[in-house]
Structure formats: C-alpha cells, structure tokens
Amino acid sequence: MTSAINDHKVSGTTFGNRFRRVLEGLAPHLVLLSYAVIVLFPIFMIIINSFKDRKAIFGMPFQIPNAETFSLIGYETVLERSNFQVYFMNSIIVTVVALALTLLIGAMAAFALAEYPFRGNALLGLYLAIGIMIPIRLGTVGMLKLMVNFNLVNTLSGLILIYIAQALPLTIFILSQFFRQVPKELKDAARIDGASEYRIFTLVVPLVRPALGAIGIFTMLPIWNDLWFPLVVAPSPKTATVTLGVQQFLGQFVSDWNAVLSSLTLAMVPILIIYVIFSRQLIRSITSGAIK
Amino acid sequence: MEHQQTRKSFPVHILVFLAPAVLIYTLFMVYPLIDSLRLSFFSLNEQNQEFFVGIQNYIKLFTDSNYAPRFWGALQNNLIFFAIHMVVQNSIGLLLAALLASGIKGSSLYRTVLFMPTVLSVVIIGFIWQLILNPLWGVSESILQALSLGDLFKPWLGLPETALITVSLISVWQFVGIPMILFFAALISIPEELMEAARVDGASGWQTFWRIKFPLILPAVGIVAILTFVGNFNAFDLIYTMKGANAGPDFATDIMGTFFYRTFFGQQLQLGNPTMGATVAAMMFLIILTGVLIYIFLWQRRIQTIEM
C-alpha cells in the first residue's frame with residue numbers, strides 16, 4: 001500500500017517534470033510567435049484588403065479576397081492618378097547613384113586613412129567620424145540655403161549629394177577598420193612589382209567585399225525611406241521619391257480606401273521582397289560585427 | 001619607412017584618395033550644420049539680409065509666448081517619446097534577443113520576420129497603423145471585442161491624452177528590430193565556456209541571464225541607448241505622416257522635429273522663420289551632443305573600468 005502510494009508519487013513527479021520541460025521548451029516559441037503575429041498582422045491586413053472592393057474592405061476586413069470580393073480598382077486609381085512610375089524611377093536613381101558613389105568615395109578615403117600614417121591622420125579620422133552621431137538633418141536651414149545657391153533645389157543631384165554626405169562617415173569608419181586587417185605582405189609584394197598606389201587600391205577593394213555589401217544595405221534603406229530631404233529640398237512632382245510621393249498621394253486620396261491600400265501595398269512589397277532575399281546577409285552582417 | 005616622402009610634401013595619391021570624401025562631407029554636412037548654428041545668432045530684415053542679434057533668438061525661444069510654450073511642450077513630449085522607447089522598445093528587444101539567442105529552433109526565420117517593419121519607410125508604417133486604428137474600419141475594435149476587451153477601444157490617435165503614447169508605441173513596433181538584433185549579436189558572442197561553468201554551478205536560466213550575460217552585454221546596452229536617444233530627438237517622419245506638421249490633437253504629439261519643421265517653414269497662421277528654425281535646430285544639436293558626450297565620457301569610460 002505504502003509502496004503503491006510511493007510509486008504513484010514518483011511517476012507523478014516525473015510526469016510533472018516532463019510536462020514542465022515541454023512547457024519551458026514551448027514558452028519561448030509562444031512569445032516569439034505572438035510577437036510575430038503582432039508584426040505581420042497589420043502588414044497582412046493592408047495587403048489582402050488592397051485586392052478587395054470597397055464593400056468587402058469594410059464588411060469583411062479579415063477575409064482573404066475571393067472571386068466575389070476581388071477587385072483591382074485601387075491599383076487602377078493609383079496608376080491613373082499618381083506618378084508612381086516616376087516616383088519609383090526617382091527613388092531608384094537617387095538610391096543607386098548615391099550608394100555607388102558612397103562606396104567608391106568612402107572606400108578611397110578609408111583606404112587612405114588605413115594605409116598611410118600621414119600627419120593629421122587621426123584628427124581627420126575623428127573629423128569624418130563626427131557625422132556618425134550628429135544627424136545631418138540638424139543642418140537643414142544651412143542646407144536649403146546651399147541648395148538654393150547651387151541651383152540644386154528640386155533636383156535629384158541635390159538629393160544624391162546630401163545622401164552621400166550623410167552616408168560617408170559610417171562607411172569610412174567601418175571600411176577603414178576592414179582595410180587595416182588586409183595583410184601587409186600582399187600590398188608590399190605588389191609595390192615591389194612596381195604597382196602604383198591606385199593599382200594597390202583596386203587590388204585591396206575586392207578583399208573587403210563583405211563589408212561593402214553590409215554597408216550597401218545599411219546605406220540603401222535610410223536613403224530609400226527618407227521623407228525629410230525630399231520634402232524639404234526636392235518636393236516637386238518631377239523629383240518626388242516613392243516615400244514622398246506616397247505621402248502626398250495618400251494625403252489627397254485619404255478617403256479612397258482602395259487607392260490608399262493599393263498604394264501602400266505597391267510601396268511596401270518591392271522592399272519586402274528585396275528584404276526577404278537579402279535578410280540573411282543583412283542580419284548576419286550585424287551579428288558578425290561588420291557594423292559596430 | 002615607406003612614407004618618408006610625407007616629410008617633404010604631401011603625396012598626391014593620398015590627396016586623390018581623400019579629396020572627394022572630405023570635400024563632399026565638408027560642403028554638404030559640416031558646412032550646413034555650422035551655417036545653421038551661425039544663423040541662430042542672426043535675424044533677417046525685410047530685404048532678407050542677415051543681421052547679428054546675439055542670443056535674442058534663444059531668449060525668444062525660451063520666453064516669447066509664440067515660441068516658448070511650443071518649445072517646452074515639444075521638449076517634454078520628446079522626453080516622453082524617448083522614455084517609452086527606452087522602457088518598452090528596448091525591453092521587448094532584449095526579451096526577444098534572449099529568446100532568439102537561447103538556441104531555439106527557427107531562430108533565423110523569427111529574426112527575419114521580427115526585423116521586417118524596421119526596413120519599411122516610416123510613412124508606410126504610419127499609414128498602416130492609421131488604418132488599423134481607424135474607428136471607421138473597426139479592425140482593432142473587432143479584435144478587442146474578440147478578446148472581450150471591446151470596451152477598451154477608443155480613437156487613441158485622436159485623443160490628446162493617448163495620442164502621444166499611441167504614436168510612440170507605433171514607433172516602438174517599427175524599430176524594436178534594432179535593439180533586438182544588437183542585443184542578439186552581443187549575446188551570441190558570449191563564450192560558451194562561461195555559460196557551461198554557470199550551469200555546472202547550478203544557476204538557473206534567469207540567474208545566468210542577469211548575473212552573467214547581462215553584465216557582459218552592457219556595451220550593447222549603451223549603444224542601443226544612445227542610438228535610441230539620437231533617433232528619438234531627431235524623429236519627425238512618423239508624427240508628420242500621422243498627425244501632420246501641427247502634431248495634433250492640440251500639439252499633443254508635437255516633438256522637436258515637428259516643432260523645427262513648423263518654425264522653419266511656417267504653419268497656417270505664422271510665416272516660416274529660417275533663423276528661428278536654425279535656433280530650434282541648434283537646441284536639438286545641443287541636446288543630441290549632450291547625450292553623445294555623456295555616452296562617450298561617462299558610460300564608455302565606466303564600462304572600460306568595469307571590464308578591467
């Protein structure tokens with residue numbers, strides 16, 4: 001009798017332990033899953049409702065579009081009434097040119113800082129690093145004056161120059177650390193072979209390609225997503241970027257729910273696709289310490 | 001050795017490498033910033049000519065009835081905005097990072113999903129949440145009703161008491177990925193042997209986290225804090241998108257960024273004023289600089305002494 005009770009007790013505790021262990025294993029998933037739902041739900045709601053007619057948007061917001069409720073009326077409005085194609089083109093031009101020039105100019109400066117111990121090297125490094133922490137927006141009053149003087153208001157070139165200046169400090173800071181890790185023997189061997197310093201630069205750049213990729217993604221996102229400088233420096237319909245264009249379009253069509261949902265989806269989906277493709281590299285680049 | 005030439009004259013190739021970056025950075029970042037700071041000591045006459053006014057603009061900003069209430073209001077709101085980010089965003093970020101770094105299955109998929117809102121533009125996020133919270137659409141109300149919390153629903157964005165908290169939480173929702181990923185990176189770089197030792201000593205998960213892991217990721221805590229601070233005192237896009245330049249209702253969501261924009265470009269009744277705008281920007285500069293200096297000289301130095 002006593003032994004039976006003991007047996008029961010023992011099996012009860014092991015069952016309790018196992019149950020507890022399963023629960024402990026599940027709890028993290030439960031937390032992460034609930035947070036993932038909080039993240040995905042609003043995005044999901046916008047995308048599914050952009051493919052429905054107005055009645056279904058309000059009548060059955062949680063339902064996936066079906067044959068009856070499916071409608072592309074919002075997309076038609078957006079494509080007819082806005083200059084989405086122009087905005088996309090502008091954003092692509094500004095982002096790609098600014099990114100390419102930032103990487104080139106930044107790599108050149110970072111290489112010089114890492115490679116040559118000239119007088120004032122540390123001071124120049126510090127000067128260039130100030131911009132990492134001080135946001136470029138704080139100089140907007142002076143910036144607008146400068147843009148007016150240079151006739152750069154409402155031009156994509158103006159935006160490009162601003163974004164290069166904005167991205168250079170972090171680019172140079174990170175790349176110069178990477179250039180310092182390139183083995184000296186390699187460069188000295190090239191020098192003995194009579195290579196010019198420019199040639200050595202072109203030899204070394206491919207070695208820091210992973211860092212260039214990480215910086216590229218980190219430079220691209222704030223440029224593509226920026227609202228402030230397009231709004232302040234280049235607000236004309238011809239130079240508006242996607243972010244500004246969407247903002248203005250939504251302001252005008254605020255009561256046209258189909259158009260609002262469709263334009264949000266149009267602005268969001270390309271970035272999400274690019275993100276999903278590159279997310280591994282993006283997150284790995286931060287976690288591996290490429291960005292610190 | 002190989003750079004003996006530096007003594008004679010500055011080598012041309014170094015100049016070629018440095019010149020483009022230094023020129024663009026100086027002309028389009030440093031110069032506008034210094035010019036803005038300079039303009040905060042000037043005023044414009046009717047012919048748009050600058051004349052020196054000393055610290056008059058600052059006195060006006062702190063005392064004039066057109067500026068002072070808005071300035072102090074924006075500063076206070078900005079501090080609340082920052083406090084909500086520090087408490088809510090960075091705690092959730094730390095919790096998610098700790099779970100992701102615990103060797104859980106599907107960690108990389110979770111990371112991809114949880115970081116997603118961070119890559120979208122603030123304009124998109126602002127409009128998404130405006131729709132989700134819109135009482136006309138009723139999505140949030142239906143969800144709360146399904147959870148039997150229907151009575152809690154209010155037009156949060158429209159009420160002065162709740163608007164600031166609501167936009168702050170939306171911003172938290174978007175940017176929680178940043179502290180999450182930075183904490184995650186710090187946590188996975190902790191050597192496994194340390195954790196083994198703790199486990200052998202019989203410490204619980206909770207104890208090892210706070211006694212061993214957390215002190216080791218203090219540098220990341222500092223980086224997250226200063227990034228949050230600079231980002232929050234420079235924020236503008238979300239409030240402008242959701243509540244317009246007037247940061248309604250009744251300036252309840254007005255922060256330094258929106259106040260700067262209104263002062264510089266004007267609003268319905270008041271004309272824009274570049275030099276007063278420059279003065280607001282100079283105050284933002286001072287606030288951000290103070291934060292950065294505290295981080296560099298107090299926090300980093302303390303961390304270094306702890307590590308030694």
# chains A, B, ... in the order shown; residues from 1 in each chain; ligands from 1
$ residues_around --residues "region 42-49 of chain B" --least-positions-apart "3" --cutoff "9 Å" --atoms "only C-alpha atoms" --output "list in words"
Arg38, Leu39, Phe52, Val53, Gly54, Ile55, Gln56, Asn57, Asn273, Pro274, Thr275 and Met276 of chain B
$ closest_atom_pairs --of "chain B" --to "chain A" --cutoff "6 Å" --atoms "only C-alpha atoms" --output "tab-separated table"
residue	atom	partner	partner_atom	distance
B:Ile14	CA	A:Ala112	CA	5.9
B:Phe17	CA	A:Met108	CA	4.8
B:Leu18	CA	A:Ala109	CA	4.6
B:Ala21	CA	A:Ile105	CA	5.6
B:Ile24	CA	A:Ala165	CA	5.9
B:Tyr25	CA	A:Ala165	CA	4.7
B:Phe28	CA	A:Ala165	CA	5.9
B:Met29	CA	A:Ala165	CA	5.9
B:Pro32	CA	A:Gly142	CA	4.2
B:Leu33	CA	A:Gly139	CA	3.9
B:Asp35	CA	A:Gly142	CA	5.3
B:Ser36	CA	A:Gly142	CA	4.9
B:Leu99	CA	A:Pro28	CA	6.0
B:Leu114	CA	A:Ala36	CA	6.0
B:Ser121	CA	A:Asn225	CA	4.5
B:Trp137	CA	A:Phe58	CA	5.9
B:Ala185	CA	A:Thr287	CA	4.3
B:Ala278	CA	A:Val141	CA	6.0
B:Ala281	CA	A:Leu138	CA	5.3
$ write_last_selection --atoms "C-alpha atoms" --output "PDB file, in the first residue's frame"
ATOM      1  CA  ILE B  14      46.754  60.401 -50.664  1.00  0.00           C
ATOM      2  CA  PHE B  17      42.010  59.285 -52.273  1.00  0.00           C
ATOM      3  CA  LEU B  18      40.836  61.694 -49.595  1.00  0.00           C
ATOM      4  CA  ALA B  21      35.089  62.372 -49.417  1.00  0.00           C
ATOM      5  CA  ILE B  24      31.508  66.369 -50.111  1.00  0.00           C
ATOM      6  CA  TYR B  25      31.364  65.724 -46.366  1.00  0.00           C
ATOM      7  CA  PHE B  28      27.170  69.087 -47.582  1.00  0.00           C
ATOM      8  CA  MET B  29      27.328  68.049 -43.958  1.00  0.00           C
ATOM      9  CA  PRO B  32      25.367  73.446 -43.460  1.00  0.00           C
ATOM     10  CA  LEU B  33      25.489  72.439 -39.816  1.00  0.00           C
ATOM     11  CA  ASP B  35      25.974  77.702 -41.021  1.00  0.00           C
ATOM     12  CA  SER B  36      22.746  76.699 -39.225  1.00  0.00           C
ATOM     13  CA  LEU B  99      14.884  34.014 -26.591  1.00  0.00           C
ATOM     14  CA  LEU B 114      10.610  40.378 -36.400  1.00  0.00           C
ATOM     15  CA  SER B 121       9.590  53.521 -44.515  1.00  0.00           C
ATOM     16  CA  TRP B 137     -12.657  50.478 -40.404  1.00  0.00           C
ATOM     17  CA  ALA B 185      24.677  39.901 -31.661  1.00  0.00           C
ATOM     18  CA  ALA B 278      18.052  77.421 -37.036  1.00  0.00           C
ATOM     19  CA  ALA B 281      17.878  73.047 -34.722  1.00  0.00           C
TER      20      ALA B 281
END
$ closest_residue --among "A:Gln252, A:Gln85, A:Asn149, A:Thr202" --to "Lys238 (chain A)" --atoms "only C-alpha atoms"
A:Gln85
$ select_by_dssp --residues "region 138-207 of chain B" --states "alpha helix (DSSP H)" --output "MDAnalysis selection string"
chainID B and resid 139:146 163:175 177:188 192:200 205:207
$ write_last_selection --atoms "C-alpha atoms" --output "PDB file, in the first residue's frame"
ATOM      1  CA  VAL B 139     -10.341  46.380 -37.257  1.00  0.00           C
ATOM      2  CA  SER B 140      -8.784  46.991 -33.855  1.00  0.00           C
ATOM      3  CA  GLU B 141     -12.198  47.261 -32.246  1.00  0.00           C
ATOM      4  CA  SER B 142     -13.258  43.871 -33.639  1.00  0.00           C
ATOM      5  CA  ILE B 143     -10.060  42.289 -32.378  1.00  0.00           C
ATOM      6  CA  LEU B 144     -10.503  43.734 -28.908  1.00  0.00           C
ATOM      7  CA  GLN B 145     -14.117  42.560 -28.932  1.00  0.00           C
ATOM      8  CA  ALA B 146     -12.980  39.066 -29.859  1.00  0.00           C
ATOM      9  CA  ALA B 163      -2.160  60.257 -28.955  1.00  0.00           C
ATOM     10  CA  LEU B 164       1.490  60.606 -27.889  1.00  0.00           C
ATOM     11  CA  ILE B 165       1.612  57.181 -26.251  1.00  0.00           C
ATOM     12  CA  THR B 166      -0.025  55.669 -29.331  1.00  0.00           C
ATOM     13  CA  VAL B 167       2.427  57.131 -31.850  1.00  0.00           C
ATOM     14  CA  SER B 168       5.315  56.217 -29.540  1.00  0.00           C
ATOM     15  CA  LEU B 169       4.149  52.609 -29.416  1.00  0.00           C
ATOM     16  CA  ILE B 170       3.770  52.524 -33.196  1.00  0.00           C
ATOM     17  CA  SER B 171       7.371  53.728 -33.477  1.00  0.00           C
ATOM     18  CA  VAL B 172       8.367  51.055 -30.951  1.00  0.00           C
ATOM     19  CA  TRP B 173       6.563  48.461 -33.068  1.00  0.00           C
ATOM     20  CA  GLN B 174       8.588  49.524 -36.088  1.00  0.00           C
ATOM     21  CA  PHE B 175      12.044  49.809 -34.532  1.00  0.00           C
ATOM     22  CA  GLY B 177      14.175  45.048 -34.506  1.00  0.00           C
ATOM     23  CA  ILE B 178      17.199  47.278 -33.937  1.00  0.00           C
ATOM     24  CA  PRO B 179      17.741  46.628 -30.208  1.00  0.00           C
ATOM     25  CA  MET B 180      16.708  43.029 -30.794  1.00  0.00           C
ATOM     26  CA  ILE B 181      19.419  42.426 -33.374  1.00  0.00           C
ATOM     27  CA  LEU B 182      22.120  44.357 -31.481  1.00  0.00           C
ATOM     28  CA  PHE B 183      21.380  42.517 -28.217  1.00  0.00           C
ATOM     29  CA  PHE B 184      21.250  39.243 -30.136  1.00  0.00           C
ATOM     30  CA  ALA B 185      24.677  39.901 -31.661  1.00  0.00           C
ATOM     31  CA  ALA B 186      26.112  40.662 -28.228  1.00  0.00           C
ATOM     32  CA  LEU B 187      24.512  37.610 -26.603  1.00  0.00           C
ATOM     33  CA  ILE B 188      25.751  35.087 -29.156  1.00  0.00           C
ATOM     34  CA  GLU B 192      30.096  29.130 -24.353  1.00  0.00           C
ATOM     35  CA  GLU B 193      32.547  28.074 -21.585  1.00  0.00           C
ATOM     36  CA  LEU B 194      31.264  30.841 -19.336  1.00  0.00           C
ATOM     37  CA  MET B 195      27.726  29.537 -19.627  1.00  0.00           C
ATOM     38  CA  GLU B 196      28.869  25.962 -19.080  1.00  0.00           C
ATOM     39  CA  ALA B 197      30.556  26.977 -15.856  1.00  0.00           C
ATOM     40  CA  ALA B 198      27.407  28.707 -14.662  1.00  0.00           C
ATOM     41  CA  ARG B 199      25.281  25.653 -15.490  1.00  0.00           C
ATOM     42  CA  VAL B 200      27.662  23.361 -13.603  1.00  0.00           C
ATOM     43  CA  GLY B 205      18.399  30.377 -16.599  1.00  0.00           C
ATOM     44  CA  TRP B 206      17.070  33.552 -15.047  1.00  0.00           C
ATOM     45  CA  GLN B 207      20.120  33.900 -12.766  1.00  0.00           C
TER      46      GLN B 207
END
$ residues_around --residues "region 224-236 of chain B" --least-positions-apart "4" --cutoff "6 Å" --atoms "only C-alpha atoms" --output "PyMOL selection string"
chain B and resi 82+179+257-258+288
$ write_last_selection --atoms "N, CA and C atoms" --output "PDB file, in the first residue's frame"
ATOM      1  N   PHE B  82      10.963  59.422 -25.855  1.00  0.00           N
ATOM      2  CA  PHE B  82      12.227  58.721 -25.613  1.00  0.00           C
ATOM      3  C   PHE B  82      12.068  57.708 -24.479  1.00  0.00           C
ATOM      4  N   PRO B 179      17.161  47.162 -31.448  1.00  0.00           N
ATOM      5  CA  PRO B 179      17.741  46.628 -30.208  1.00  0.00           C
ATOM      6  C   PRO B 179      17.770  45.109 -30.191  1.00  0.00           C
ATOM      7  N   GLY B 257      11.323  67.543 -33.733  1.00  0.00           N
ATOM      8  CA  GLY B 257      11.396  67.505 -35.191  1.00  0.00           C
ATOM      9  C   GLY B 257      10.236  68.246 -35.853  1.00  0.00           C
ATOM     10  N   THR B 258       9.016  68.018 -35.375  1.00  0.00           N
ATOM     11  CA  THR B 258       7.859  68.702 -35.964  1.00  0.00           C
ATOM     12  C   THR B 258       7.871  70.188 -35.604  1.00  0.00           C
ATOM     13  N   ILE B 288      21.314  66.558 -28.501  1.00  0.00           N
ATOM     14  CA  ILE B 288      21.910  65.327 -29.017  1.00  0.00           C
ATOM     15  C   ILE B 288      23.385  65.245 -28.652  1.00  0.00           C
TER      16      ILE B 288
END
$ residues_around --residues "Val86 (chain A)" --least-positions-apart "5" --cutoff "10 Å" --atoms "only C-alpha atoms" --output "VMD selection string"
chain A and resid 91 to 92 237 to 242 245
$ closest_residue --among "B:Ile239, B:Gly277, B:Ile212, B:Ala19" --to "Phe264 (chain B)" --atoms "only C-alpha atoms"
B:Gly277
$ atom_distance --atom1 "CA of Tyr240 (chain B)" --atom2 "CA of Leu231 (chain A)"
11.0 Å
$ closest_residue --among "A:Val208, A:Val97, A:Val22, A:Ile192" --to "Leu175 (chain A)" --atoms "only C-alpha atoms"
A:Val208
$ atom_distance --atom1 "CA of Gln268 (chain B)" --atom2 "CA of Leu156 (chain A)"
29.0 Å
$ residues_around --residues "Thr253 (chain B)" --least-positions-apart "5" --cutoff "12 Å" --atoms "only C-alpha atoms" --output "PyMOL selection string"
chain B and resi 70+73-81+156-168+235-236+238-248+258-259
$ write_last_selection --atoms "C-alpha atoms" --output "compact mmCIF listing (two decimals), in the first residue's frame"
# COMPACT_ATOMS: atom_id res chain seq x y z
CA ARG B 70 5.54 75.09 -28.02
CA GLY B 73 5.85 71.27 -24.88
CA ALA B 74 7.81 69.66 -27.71
CA LEU B 75 10.76 69.02 -25.42
CA GLN B 76 8.55 67.40 -22.80
CA ASN B 77 6.76 65.26 -25.39
CA ASN B 78 10.10 64.27 -26.86
CA LEU B 79 11.32 63.14 -23.43
CA ILE B 80 8.17 61.02 -23.00
CA PHE B 81 8.66 59.67 -26.55
CA TRP B 156 -6.46 56.58 -29.40
CA LEU B 157 -4.78 58.65 -32.10
CA GLY B 158 -7.35 61.40 -31.86
CA LEU B 159 -7.46 61.89 -28.10
CA PRO B 160 -4.95 64.32 -26.54
CA GLU B 161 -4.37 62.01 -23.55
CA THR B 162 -3.49 58.94 -25.62
CA ALA B 163 -2.16 60.26 -28.96
CA LEU B 164 1.49 60.61 -27.89
CA ILE B 165 1.61 57.18 -26.25
CA THR B 166 -0.02 55.67 -29.33
CA VAL B 167 2.43 57.13 -31.85
CA SER B 168 5.32 56.22 -29.54
CA ALA B 235 12.41 61.94 -35.21
CA PHE B 236 9.91 63.64 -37.48
CA LEU B 238 6.09 59.35 -38.20
CA ILE B 239 4.39 62.29 -36.47
CA TYR B 240 4.32 64.30 -39.70
CA THR B 241 2.77 61.36 -41.56
CA MET B 242 0.16 60.51 -38.94
CA LYS B 243 -0.64 63.87 -37.40
CA GLY B 244 0.67 66.45 -39.89
CA ALA B 245 3.04 69.33 -39.19
CA ASN B 246 0.73 70.61 -36.44
CA ALA B 247 1.22 67.40 -34.48
CA GLY B 248 -2.36 67.32 -33.24
CA THR B 258 7.86 68.70 -35.96
CA PHE B 259 8.40 71.92 -33.98
